[in-house]
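Read through the structure below, which is laid out as structure tokens, and then see the notes.
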Amino acid sequence: MVAVVYAFLTLDHFIFGPFLLSRPLVMGSVVGFLCGFPLDGVVLGLLCECVFVAVPPAGPFQWDMGLAVALAGSWAFSPLFGEPIPRWALVLALLISIPLALLARRMDVWLRRTMRPLAQRALQGFEHGLLGPFRSSLLFSAVIWFLKSLVIFFAAESLGGALFRLVSEKYGQSLVLEGVSRAWVGWSALASASVLFFLSKRFEKKWFSRWN
Amino acid sequence: MELTVLPRRDLWRVLGRSFFLPALWTVQRGQNLGFLFSLWPVFRRLYPRRDDRARALQAHAGFFSTHPYTAGVLLGVVSGLEEERVVSALHPPIPDQTVTDRTSMAGPLAALGESFFWATCLPLVLAFCLFWAFLLPQQMVWVPVFFVLVFNGLHVGVRAIGLGLGYRLKLNVVSFLTGLRIHRGLMVMSVVGVGLCLLASSLWGWFNFLLTLVFFLLMRWGLPPLVLALVWVVTYSLWWVIL
């Protein structure tokens with residue numbers, strides 16, 4: 001279910017929009033809602049959204065932060081942990097999912113190159129004054145992007161999920177992970193500071209221009 | 001009275017189709033297919049004969065790339081210029097000048113969109129979200145709804161208004177946008193965002209506020225937020241274990 005929703009929401013980035021539906025805040029909340037932990041989902045999404053605020057939501061070569069959050073949510077929001085979710089599970093899930101999401105970007109780049117014939121076909125249609133080839137290419141590319149997102153999600157979920165389960169079963173009761181849970185107290189400060197830092201760049205430019 | 005050929009509903013169609021701008025993006029031609037698709041209702045109305053339409057579309061088939069949210073202005077300008085050309089009986093169309101105008105405006109509009117939406121509106125809306133989340137933690141589930149509605153309301157509004165302005169003012173839209181002094185507005189929005197962030201962090205106590213300032217200074221010092229998060233988790237958990 002999470003995979004289908006993720007694949008559907010990523011179409012916002014590739015085909016229609018962008019309405020920021022594939023951003024971490026929305027993705028985290030949706031995954032949290034689906035898994036039965038809506039508040040934790042919003043916290044996870046909000047934290048990632050703030051930390052990655054510098055990554056623009058549109059653009060062909062952006063890495064998919066939504067994938068990282070969806071994967072992290074699908075691992076951490078497990079009924080096995082019970083309520084409340086241990087905070088180390090969220091941190092661990094994010095630590096595993098972010099490199100996987102960065103790797104998945106290569107697949108996006110490859111697929112964009114591979115889909116060039118579709119674009120060529122649509123262009124030829126326009127050059128003959130026809131809209132039909134564009135419509136069919138658009139539909140086909142939407143299906144391909146949807147399937148790509150599904151495949152990527154399942155592959156990353158299995159790979160990272162195995163690692164997540166391994167670590168959580170082996171070290172779940174350890175003191176270090178308890179410490180990681182305690183470190184979660186800084187999430188709100190980290191989120192605020194990230195947005196603050198991003199916004200403060202504008203003043204920096206203004207001050208520098210005055211000094212120069 | 002200015003003679004027009006395009007009914008208003010065609011412009012609404014252009015607006016609706018402009019959401020497909022990122023579709024079938026390629027390195028060679030950028031968003032050109034989405035751009036042509038968006039303008040299809042205009043071309044169909046202005047050039048009922050397929051040959052004329054094909055010629056006009058071919059002229060616009062070159063590389064095109066701009067910010068998706070400010071593309072409405074360009075779509076409006078091109079619609080207006082194409083209509084003007086047809087109405088002033090310069091038919092068959094010679095759209096080279098329109099293409100040049102379009103290309104020269106795409107870059108500055110992209111920069112404007114980056115600065116307005118990504119660098120200011122998005123963090124400002126996030127600052128509001130943080131404020132809400134810290135003020136009413138039990139109502140936090142509505143934060144993503146607020147985020148999506150406010151940001152998208154803003155971007156769809158800018159698209160629609162930009163399309164209308166571009167269509168009415170055509171190339172004069174540049175001087176109109178310059179006269180708006182948008183950078184001043186952006187500065188005010190940034191100040192509001194900074195204030196909201198500081199206020200939000202203070203809502204969870206002085207420790208949280210101090211920690212925000214420390215994190216901010218460390219980011220200014222050069223640590224990226226993700227690295228800082230890692231450093232914080234490692235340091236805090238080790239400190240806790242040792243204690």
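Residues in the structure tokens are named by chain (A, B, ... in the order shown) and by number from 1 within that chain; ligands are numbered from 1 in the order shown.
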Surrounding residues of Leu81 of chain B excluding itself and chain neighbours under 6 positions, 10 Å, only C-alpha atoms, as an mmCIF file with C-alpha atoms, in the first residue's frame:
data_model
loop_
_atom_site.group_PDB
_atom_site.id
_atom_site.type_symbol
_atom_site.label_atom_id
_atom_site.label_comp_id
_atom_site.auth_asym_id
_atom_site.auth_seq_id
_atom_site.Cartn_x
_atom_site.Cartn_y
_atom_site.Cartn_z
ATOM 1 C CA LEU B 75 2.717 31.232 -21.824
ATOM 2 C CA VAL B 87 -4.984 39.684 -35.763
ATOM 3 C CA PRO B 95 7.282 33.617 -35.235
ATOM 4 C CA GLN B 97 10.780 37.284 -32.941
ATOM 5 C CA THR B 98 8.319 35.633 -30.562
ATOM 6 C CA ASP B 101 11.456 37.081 -26.848
ATOM 7 C CA GLY B 166 1.562 38.084 -19.770
ATOM 8 C CA TYR B 167 -1.378 37.862 -22.148
ATOM 9 C CA ARG B 168 -2.541 41.433 -21.523
ATOM 10 C CA LEU B 169 0.803 43.219 -21.229
ATOM 11 C CA LYS B 170 2.854 41.045 -23.589
ATOM 12 C CA LEU B 171 6.464 42.278 -23.576
#
Near-segment 60-71 of chain A list (6 Å; only C-alpha atoms; drop same-chain fewer than 4 positions) as a list in words: Ser22, Arg23, Pro24, Met27, Gly28, Ser97, Ile98, Ala101, Leu102 and Arg105 of chain A
May I have the residues from that selection written out with C-alpha atoms, as a CSV table (one decimal), in the first residue's frame?
chain,number,residue,atom,x,y,z
A,22,SER,CA,6.4,13.9,-3.2
A,23,ARG,CA,8.2,16.1,-0.7
A,24,PRO,CA,9.1,14.6,2.7
A,27,MET,CA,5.2,11.7,2.1
A,28,GLY,CA,6.0,11.2,5.8
A,97,SER,CA,17.2,5.1,3.7
A,98,ILE,CA,19.0,8.2,2.7
A,101,ALA,CA,17.4,7.2,-2.0
A,102,LEU,CA,20.6,8.9,-3.3
A,105,ARG,CA,18.6,9.0,-8.3
Please tabulate, as JSON lines, the residues of chain A that come within 7 Å of chain B, each with its closest pair of atoms and the distance in Å to one decimal, counting only C-alpha atoms and ordering rows by chain, then residue number upward.
{"residue": "A:Phe14", "atom": "CA", "partner": "B:Ala23", "partner_atom": "CA", "distance": 6.1}
{"residue": "A:Ile15", "atom": "CA", "partner": "B:Ala23", "partner_atom": "CA", "distance": 4.4}
{"residue": "A:Phe16", "atom": "CA", "partner": "B:Phe20", "partner_atom": "CA", "distance": 4.8}
{"residue": "A:Gly17", "atom": "CA", "partner": "B:Phe19", "partner_atom": "CA", "distance": 4.8}
{"residue": "A:Phe19", "atom": "CA", "partner": "B:Asn152", "partner_atom": "CA", "distance": 6.1}
{"residue": "A:Leu25", "atom": "CA", "partner": "B:Pro144", "partner_atom": "CA", "distance": 6.2}
{"residue": "A:Val26", "atom": "CA", "partner": "B:Pro144", "partner_atom": "CA", "distance": 5.7}
{"residue": "A:Ser29", "atom": "CA", "partner": "B:Pro144", "partner_atom": "CA", "distance": 6.9}
{"residue": "A:Pro38", "atom": "CA", "partner": "B:Val141", "partner_atom": "CA", "distance": 6.5}
{"residue": "A:Leu39", "atom": "CA", "partner": "B:Val141", "partner_atom": "CA", "distance": 5.9}
{"residue": "A:Val42", "atom": "CA", "partner": "B:Val141", "partner_atom": "CA", "distance": 6.3}
{"residue": "A:Val51", "atom": "CA", "partner": "B:Pro225", "partner_atom": "CA", "distance": 5.8}
{"residue": "A:Val53", "atom": "CA", "partner": "B:Pro123", "partner_atom": "CA", "distance": 6.9}
{"residue": "A:Pro56", "atom": "CA", "partner": "B:Trp118", "partner_atom": "CA", "distance": 6.1}
{"residue": "A:Arg112", "atom": "CA", "partner": "B:Thr26", "partner_atom": "CA", "distance": 6.9}
{"residue": "A:Arg116", "atom": "CA", "partner": "B:Thr26", "partner_atom": "CA", "distance": 6.6}
{"residue": "A:Ala119", "atom": "CA", "partner": "B:Leu24", "partner_atom": "CA", "distance": 5.7}
{"residue": "A:Leu123", "atom": "CA", "partner": "B:Leu33", "partner_atom": "CA", "distance": 6.7}
{"residue": "A:Phe126", "atom": "CA", "partner": "B:Leu57", "partner_atom": "CA", "distance": 6.4}
{"residue": "A:Glu127", "atom": "CA", "partner": "B:Ala54", "partner_atom": "CA", "distance": 5.2}
{"residue": "A:His128", "atom": "CA", "partner": "B:Ala54", "partner_atom": "CA", "distance": 5.1}
{"residue": "A:Gly129", "atom": "CA", "partner": "B:Ala54", "partner_atom": "CA", "distance": 4.0}
{"residue": "A:Leu138", "atom": "CA", "partner": "B:Leu24", "partner_atom": "CA", "distance": 6.8}
{"residue": "A:Leu175", "atom": "CA", "partner": "B:Val241", "partner_atom": "CA", "distance": 6.4}
{"residue": "A:Val176", "atom": "CA", "partner": "B:Ser237", "partner_atom": "CA", "distance": 6.1}
{"residue": "A:Gly179", "atom": "CA", "partner": "B:Ser237", "partner_atom": "CA", "distance": 3.9}
{"residue": "A:Val180", "atom": "CA", "partner": "B:Ser237", "partner_atom": "CA", "distance": 5.0}
{"residue": "A:Arg182", "atom": "CA", "partner": "B:Ser237", "partner_atom": "CA", "distance": 7.0}
{"residue": "A:Ala183", "atom": "CA", "partner": "B:Val233", "partner_atom": "CA", "distance": 5.4}
{"residue": "A:Ala189", "atom": "CA", "partner": "B:Thr212", "partner_atom": "CA", "distance": 4.4}
{"residue": "A:Leu190", "atom": "CA", "partner": "B:Thr212", "partner_atom": "CA", "distance": 6.4}
{"residue": "A:Ser192", "atom": "CA", "partner": "B:Cys197", "partner_atom": "CA", "distance": 5.5}
{"residue": "A:Ala193", "atom": "CA", "partner": "B:Phe216", "partner_atom": "CA", "distance": 4.9}
{"residue": "A:Ser194", "atom": "CA", "partner": "B:Pro225", "partner_atom": "CA", "distance": 6.3}
{"residue": "A:Val195", "atom": "CA", "partner": "B:Pro123", "partner_atom": "CA", "distance": 6.0}
{"residue": "A:Leu196", "atom": "CA", "partner": "B:Val194", "partner_atom": "CA", "distance": 5.6}
{"residue": "A:Phe197", "atom": "CA", "partner": "B:Phe216", "partner_atom": "CA", "distance": 5.9}
{"residue": "A:Leu199", "atom": "CA", "partner": "B:Ser190", "partner_atom": "CA", "distance": 5.8}
Could you pull out all residues of segment 28-107 of chain B with a DSSP call of helix (DSSP H, G or I) and give them as a PDB file with N, CA and C atoms, in the first residue's frame?
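Result file follows (result_37.pdb):
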ATOM      1  N   ASN B  32      10.340  21.711 -23.587  1.00  0.00           N
ATOM      2  CA  ASN B  32       9.665  22.230 -24.785  1.00  0.00           C
ATOM      3  C   ASN B  32       8.369  21.497 -25.091  1.00  0.00           C
ATOM      4  N   LEU B  33       8.310  20.179 -24.815  1.00  0.00           N
ATOM      5  CA  LEU B  33       7.090  19.432 -25.148  1.00  0.00           C
ATOM      6  C   LEU B  33       5.927  19.857 -24.250  1.00  0.00           C
ATOM      7  N   GLY B  34       6.227  20.033 -22.976  1.00  0.00           N
ATOM      8  CA  GLY B  34       5.196  20.519 -22.060  1.00  0.00           C
ATOM      9  C   GLY B  34       4.732  21.913 -22.455  1.00  0.00           C
ATOM     10  N   PHE B  35       5.679  22.715 -22.932  1.00  0.00           N
ATOM     11  CA  PHE B  35       5.350  24.082 -23.359  1.00  0.00           C
ATOM     12  C   PHE B  35       4.419  24.063 -24.575  1.00  0.00           C
ATOM     13  N   LEU B  36       4.754  23.210 -25.544  1.00  0.00           N
ATOM     14  CA  LEU B  36       3.914  23.117 -26.747  1.00  0.00           C
ATOM     15  C   LEU B  36       2.527  22.579 -26.396  1.00  0.00           C
ATOM     16  N   PHE B  37       2.513  21.597 -25.498  1.00  0.00           N
ATOM     17  CA  PHE B  37       1.238  21.014 -25.088  1.00  0.00           C
ATOM     18  C   PHE B  37       0.363  22.072 -24.396  1.00  0.00           C
ATOM     19  N   SER B  38       1.013  22.906 -23.555  1.00  0.00           N
ATOM     20  CA  SER B  38       0.265  23.957 -22.853  1.00  0.00           C
ATOM     21  C   SER B  38      -0.347  24.937 -23.841  1.00  0.00           C
ATOM     22  N   LEU B  39       0.417  25.258 -24.901  1.00  0.00           N
ATOM     23  CA  LEU B  39      -0.054  26.271 -25.850  1.00  0.00           C
ATOM     24  C   LEU B  39      -0.960  25.700 -26.941  1.00  0.00           C
ATOM     25  N   TRP B  40      -1.186  24.419 -26.885  1.00  0.00           N
ATOM     26  CA  TRP B  40      -1.970  23.780 -27.952  1.00  0.00           C
ATOM     27  C   TRP B  40      -3.325  24.465 -28.181  1.00  0.00           C
ATOM     28  N   PRO B  41      -4.131  24.775 -27.145  1.00  0.00           N
ATOM     29  CA  PRO B  41      -5.429  25.415 -27.402  1.00  0.00           C
ATOM     30  C   PRO B  41      -5.291  26.743 -28.159  1.00  0.00           C
ATOM     31  N   VAL B  42      -4.210  27.478 -27.866  1.00  0.00           N
ATOM     32  CA  VAL B  42      -3.990  28.764 -28.542  1.00  0.00           C
ATOM     33  C   VAL B  42      -3.677  28.535 -30.013  1.00  0.00           C
ATOM     34  N   PHE B  43      -2.750  27.620 -30.272  1.00  0.00           N
ATOM     35  CA  PHE B  43      -2.355  27.346 -31.656  1.00  0.00           C
ATOM     36  C   PHE B  43      -3.533  26.781 -32.457  1.00  0.00           C
ATOM     37  N   ARG B  44      -4.313  25.978 -31.803  1.00  0.00           N
ATOM     38  CA  ARG B  44      -5.454  25.356 -32.488  1.00  0.00           C
ATOM     39  C   ARG B  44      -6.484  26.426 -32.880  1.00  0.00           C
ATOM     40  N   ARG B  45      -6.644  27.413 -32.005  1.00  0.00           N
ATOM     41  CA  ARG B  45      -7.606  28.483 -32.284  1.00  0.00           C
ATOM     42  C   ARG B  45      -7.070  29.435 -33.348  1.00  0.00           C
ATOM     43  N   LEU B  46      -5.781  29.782 -33.235  1.00  0.00           N
ATOM     44  CA  LEU B  46      -5.225  30.796 -34.141  1.00  0.00           C
ATOM     45  C   LEU B  46      -4.913  30.224 -35.524  1.00  0.00           C
ATOM     46  N   ARG B  50      -3.989  22.729 -40.448  1.00  0.00           N
ATOM     47  CA  ARG B  50      -2.930  21.938 -39.809  1.00  0.00           C
ATOM     48  C   ARG B  50      -1.535  22.368 -40.257  1.00  0.00           C
ATOM     49  N   ASP B  51      -1.397  22.748 -41.524  1.00  0.00           N
ATOM     50  CA  ASP B  51      -0.071  23.135 -42.038  1.00  0.00           C
ATOM     51  C   ASP B  51       0.454  24.384 -41.322  1.00  0.00           C
ATOM     52  N   ASP B  52      -0.461  25.367 -41.181  1.00  0.00           N
ATOM     53  CA  ASP B  52      -0.054  26.611 -40.488  1.00  0.00           C
ATOM     54  C   ASP B  52       0.327  26.312 -39.049  1.00  0.00           C
ATOM     55  N   ARG B  53      -0.495  25.449 -38.431  1.00  0.00           N
ATOM     56  CA  ARG B  53      -0.266  25.114 -37.024  1.00  0.00           C
ATOM     57  C   ARG B  53       1.087  24.400 -36.861  1.00  0.00           C
ATOM     58  N   ALA B  54       1.341  23.490 -37.769  1.00  0.00           N
ATOM     59  CA  ALA B  54       2.606  22.742 -37.712  1.00  0.00           C
ATOM     60  C   ALA B  54       3.792  23.691 -37.836  1.00  0.00           C
ATOM     61  N   ARG B  55       3.664  24.690 -38.756  1.00  0.00           N
ATOM     62  CA  ARG B  55       4.760  25.658 -38.955  1.00  0.00           C
ATOM     63  C   ARG B  55       4.995  26.462 -37.677  1.00  0.00           C
ATOM     64  N   ALA B  56       3.881  26.905 -37.071  1.00  0.00           N
ATOM     65  CA  ALA B  56       4.002  27.703 -35.840  1.00  0.00           C
ATOM     66  C   ALA B  56       4.585  26.873 -34.704  1.00  0.00           C
ATOM     67  N   LEU B  57       4.158  25.625 -34.607  1.00  0.00           N
ATOM     68  CA  LEU B  57       4.659  24.759 -33.528  1.00  0.00           C
ATOM     69  C   LEU B  57       6.134  24.435 -33.713  1.00  0.00           C
ATOM     70  N   GLN B  58       6.527  24.251 -34.973  1.00  0.00           N
ATOM     71  CA  GLN B  58       7.944  23.951 -35.263  1.00  0.00           C
ATOM     72  C   GLN B  58       8.850  25.078 -34.771  1.00  0.00           C
ATOM     73  N   ALA B  59       8.360  26.305 -34.961  1.00  0.00           N
ATOM     74  CA  ALA B  59       9.182  27.457 -34.548  1.00  0.00           C
ATOM     75  C   ALA B  59       9.411  27.464 -33.045  1.00  0.00           C
ATOM     76  N   ALA B  71       6.232  29.960 -15.376  1.00  0.00           N
ATOM     77  CA  ALA B  71       6.058  29.717 -16.808  1.00  0.00           C
ATOM     78  C   ALA B  71       4.752  30.333 -17.315  1.00  0.00           C
ATOM     79  N   GLY B  72       3.790  30.549 -16.409  1.00  0.00           N
ATOM     80  CA  GLY B  72       2.512  31.139 -16.805  1.00  0.00           C
ATOM     81  C   GLY B  72       2.694  32.473 -17.508  1.00  0.00           C
ATOM     82  N   VAL B  73       3.654  33.261 -17.026  1.00  0.00           N
ATOM     83  CA  VAL B  73       3.908  34.579 -17.632  1.00  0.00           C
ATOM     84  C   VAL B  73       4.317  34.396 -19.093  1.00  0.00           C
ATOM     85  N   LEU B  74       5.230  33.463 -19.318  1.00  0.00           N
ATOM     86  CA  LEU B  74       5.722  33.231 -20.678  1.00  0.00           C
ATOM     87  C   LEU B  74       4.623  32.687 -21.581  1.00  0.00           C
ATOM     88  N   LEU B  75       3.817  31.791 -21.024  1.00  0.00           N
ATOM     89  CA  LEU B  75       2.717  31.232 -21.824  1.00  0.00           C
ATOM     90  C   LEU B  75       1.755  32.349 -22.228  1.00  0.00           C
ATOM     91  N   GLY B  76       1.513  33.267 -21.290  1.00  0.00           N
ATOM     92  CA  GLY B  76       0.636  34.399 -21.592  1.00  0.00           C
ATOM     93  C   GLY B  76       1.234  35.310 -22.644  1.00  0.00           C
ATOM     94  N   VAL B  77       2.534  35.589 -22.500  1.00  0.00           N
ATOM     95  CA  VAL B  77       3.202  36.489 -23.464  1.00  0.00           C
ATOM     96  C   VAL B  77       3.161  35.879 -24.864  1.00  0.00           C
ATOM     97  N   VAL B  78       3.511  34.601 -24.955  1.00  0.00           N
ATOM     98  CA  VAL B  78       3.537  33.946 -26.277  1.00  0.00           C
ATOM     99  C   VAL B  78       2.121  33.895 -26.859  1.00  0.00           C
ATOM    100  N   SER B  79       1.125  33.602 -26.031  1.00  0.00           N
ATOM    101  CA  SER B  79      -0.263  33.580 -26.520  1.00  0.00           C
ATOM    102  C   SER B  79      -0.644  34.957 -27.062  1.00  0.00           C
ATOM    103  N   GLY B  80      -0.305  35.986 -26.275  1.00  0.00           N
ATOM    104  CA  GLY B  80      -0.645  37.348 -26.692  1.00  0.00           C
ATOM    105  C   GLY B  80       0.051  37.749 -27.978  1.00  0.00           C
ATOM    106  N   LEU B  81       1.341  37.424 -28.089  1.00  0.00           N
ATOM    107  CA  LEU B  81       2.107  37.816 -29.287  1.00  0.00           C
ATOM    108  C   LEU B  81       1.612  37.063 -30.523  1.00  0.00           C
ATOM    109  N   GLU B  82       1.333  35.793 -30.342  1.00  0.00           N
ATOM    110  CA  GLU B  82       0.833  35.000 -31.479  1.00  0.00           C
ATOM    111  C   GLU B  82      -0.527  35.541 -31.939  1.00  0.00           C
ATOM    112  N   GLU B  83      -1.359  35.877 -30.989  1.00  0.00           N
ATOM    113  CA  GLU B  83      -2.679  36.414 -31.322  1.00  0.00           C
ATOM    114  C   GLU B  83      -2.548  37.746 -32.045  1.00  0.00           C
ATOM    115  N   GLU B  84      -1.649  38.575 -31.523  1.00  0.00           N
ATOM    116  CA  GLU B  84      -1.424  39.890 -32.135  1.00  0.00           C
ATOM    117  C   GLU B  84      -0.969  39.742 -33.586  1.00  0.00           C
ATOM    118  N   ARG B  85      -0.098  38.761 -33.792  1.00  0.00           N
ATOM    119  CA  ARG B  85       0.425  38.540 -35.136  1.00  0.00           C
ATOM    120  C   ARG B  85      -0.686  38.122 -36.094  1.00  0.00           C
ATOM    121  N   VAL B  86      -1.548  37.251 -35.628  1.00  0.00           N
ATOM    122  CA  VAL B  86      -2.640  36.771 -36.478  1.00  0.00           C
ATOM    123  C   VAL B  86      -3.659  37.890 -36.709  1.00  0.00           C
ATOM    124  N   VAL B  87      -3.972  38.625 -35.651  1.00  0.00           N
ATOM    125  CA  VAL B  87      -4.984  39.684 -35.763  1.00  0.00           C
ATOM    126  C   VAL B  87      -4.497  40.798 -36.669  1.00  0.00           C
ATOM    127  N   ASP B  96       9.693  34.056 -35.493  1.00  0.00           N
ATOM    128  CA  ASP B  96      11.063  34.097 -34.974  1.00  0.00           C
ATOM    129  C   ASP B  96      11.223  35.073 -33.813  1.00  0.00           C
ATOM    130  N   GLN B  97      10.625  36.275 -33.985  1.00  0.00           N
ATOM    131  CA  GLN B  97      10.780  37.284 -32.941  1.00  0.00           C
ATOM    132  C   GLN B  97      10.144  36.809 -31.633  1.00  0.00           C
ATOM    133  N   THR B  98       8.991  36.142 -31.759  1.00  0.00           N
ATOM    134  CA  THR B  98       8.319  35.633 -30.562  1.00  0.00           C
ATOM    135  C   THR B  98       9.210  34.629 -29.840  1.00  0.00           C
ATOM    136  N   VAL B  99       9.868  33.782 -30.641  1.00  0.00           N
ATOM    137  CA  VAL B  99      10.742  32.770 -30.044  1.00  0.00           C
ATOM    138  C   VAL B  99      11.927  33.436 -29.353  1.00  0.00           C
ATOM    139  N   THR B 100      12.472  34.475 -29.981  1.00  0.00           N
ATOM    140  CA  THR B 100      13.590  35.201 -29.360  1.00  0.00           C
ATOM    141  C   THR B 100      13.151  35.831 -28.044  1.00  0.00           C
ATOM    142  N   ASP B 101      11.967  36.455 -28.079  1.00  0.00           N
ATOM    143  CA  ASP B 101      11.456  37.081 -26.848  1.00  0.00           C
ATOM    144  C   ASP B 101      11.261  36.028 -25.768  1.00  0.00           C
ATOM    145  N   ARG B 102      10.699  34.912 -26.167  1.00  0.00           N
ATOM    146  CA  ARG B 102      10.442  33.833 -25.217  1.00  0.00           C
ATOM    147  C   ARG B 102      11.735  33.350 -24.578  1.00  0.00           C
ATOM    148  N   THR B 103      12.746  33.142 -25.429  1.00  0.00           N
ATOM    149  CA  THR B 103      14.021  32.621 -24.927  1.00  0.00           C
ATOM    150  C   THR B 103      14.696  33.624 -23.999  1.00  0.00           C
ATOM    151  N   SER B 104      14.607  34.905 -24.378  1.00  0.00           N
ATOM    152  CA  SER B 104      15.301  35.900 -23.549  1.00  0.00           C
ATOM    153  C   SER B 104      14.607  36.102 -22.206  1.00  0.00           C
ATOM    154  N   MET B 105      13.310  35.797 -22.135  1.00  0.00           N
ATOM    155  CA  MET B 105      12.594  35.987 -20.866  1.00  0.00           C
ATOM    156  C   MET B 105      12.656  34.757 -19.961  1.00  0.00           C
ATOM    157  N   ALA B 106      12.938  33.591 -20.559  1.00  0.00           N
ATOM    158  CA  ALA B 106      12.863  32.339 -19.777  1.00  0.00           C
ATOM    159  C   ALA B 106      13.872  32.324 -18.625  1.00  0.00           C
ATOM    160  N   GLY B 107      15.104  32.778 -18.902  1.00  0.00           N
ATOM    161  CA  GLY B 107      16.151  32.735 -17.872  1.00  0.00           C
ATOM    162  C   GLY B 107      15.831  33.610 -16.659  1.00  0.00           C
TER     163      GLY B 107
END
Surrounding residues of Ile152 of chain A excluding itself and chain neighbours under 5 positions, 9 Å, only C-alpha atoms, as a PyMOL selection string: chain A and resi 67+104+107+147+157
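Counting from atom CA of Arg202 of chain A, the distance to atom CA of Glu49 of chain A is 19.5 Å.
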Atomic distance atom CA of Gln31 of chain B - atom CA of His13 of chain A, expressed in Å with one decimal: 13.3 Å
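Each of A:Val143, A:Leu47, A:Leu103, A:Leu150 was checked against Met1 of chain A using only C-alpha atoms; the smallest atom-to-atom distance is that of A:Leu150.
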Nearest candidate to Cys50 of chain A (options A:Tyr171, A:Leu177, A:Glu83, A:Phe198; using only C-alpha atoms):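 Checking each candidate against Cys50 of chain A, we get A:Phe198 as the closest.
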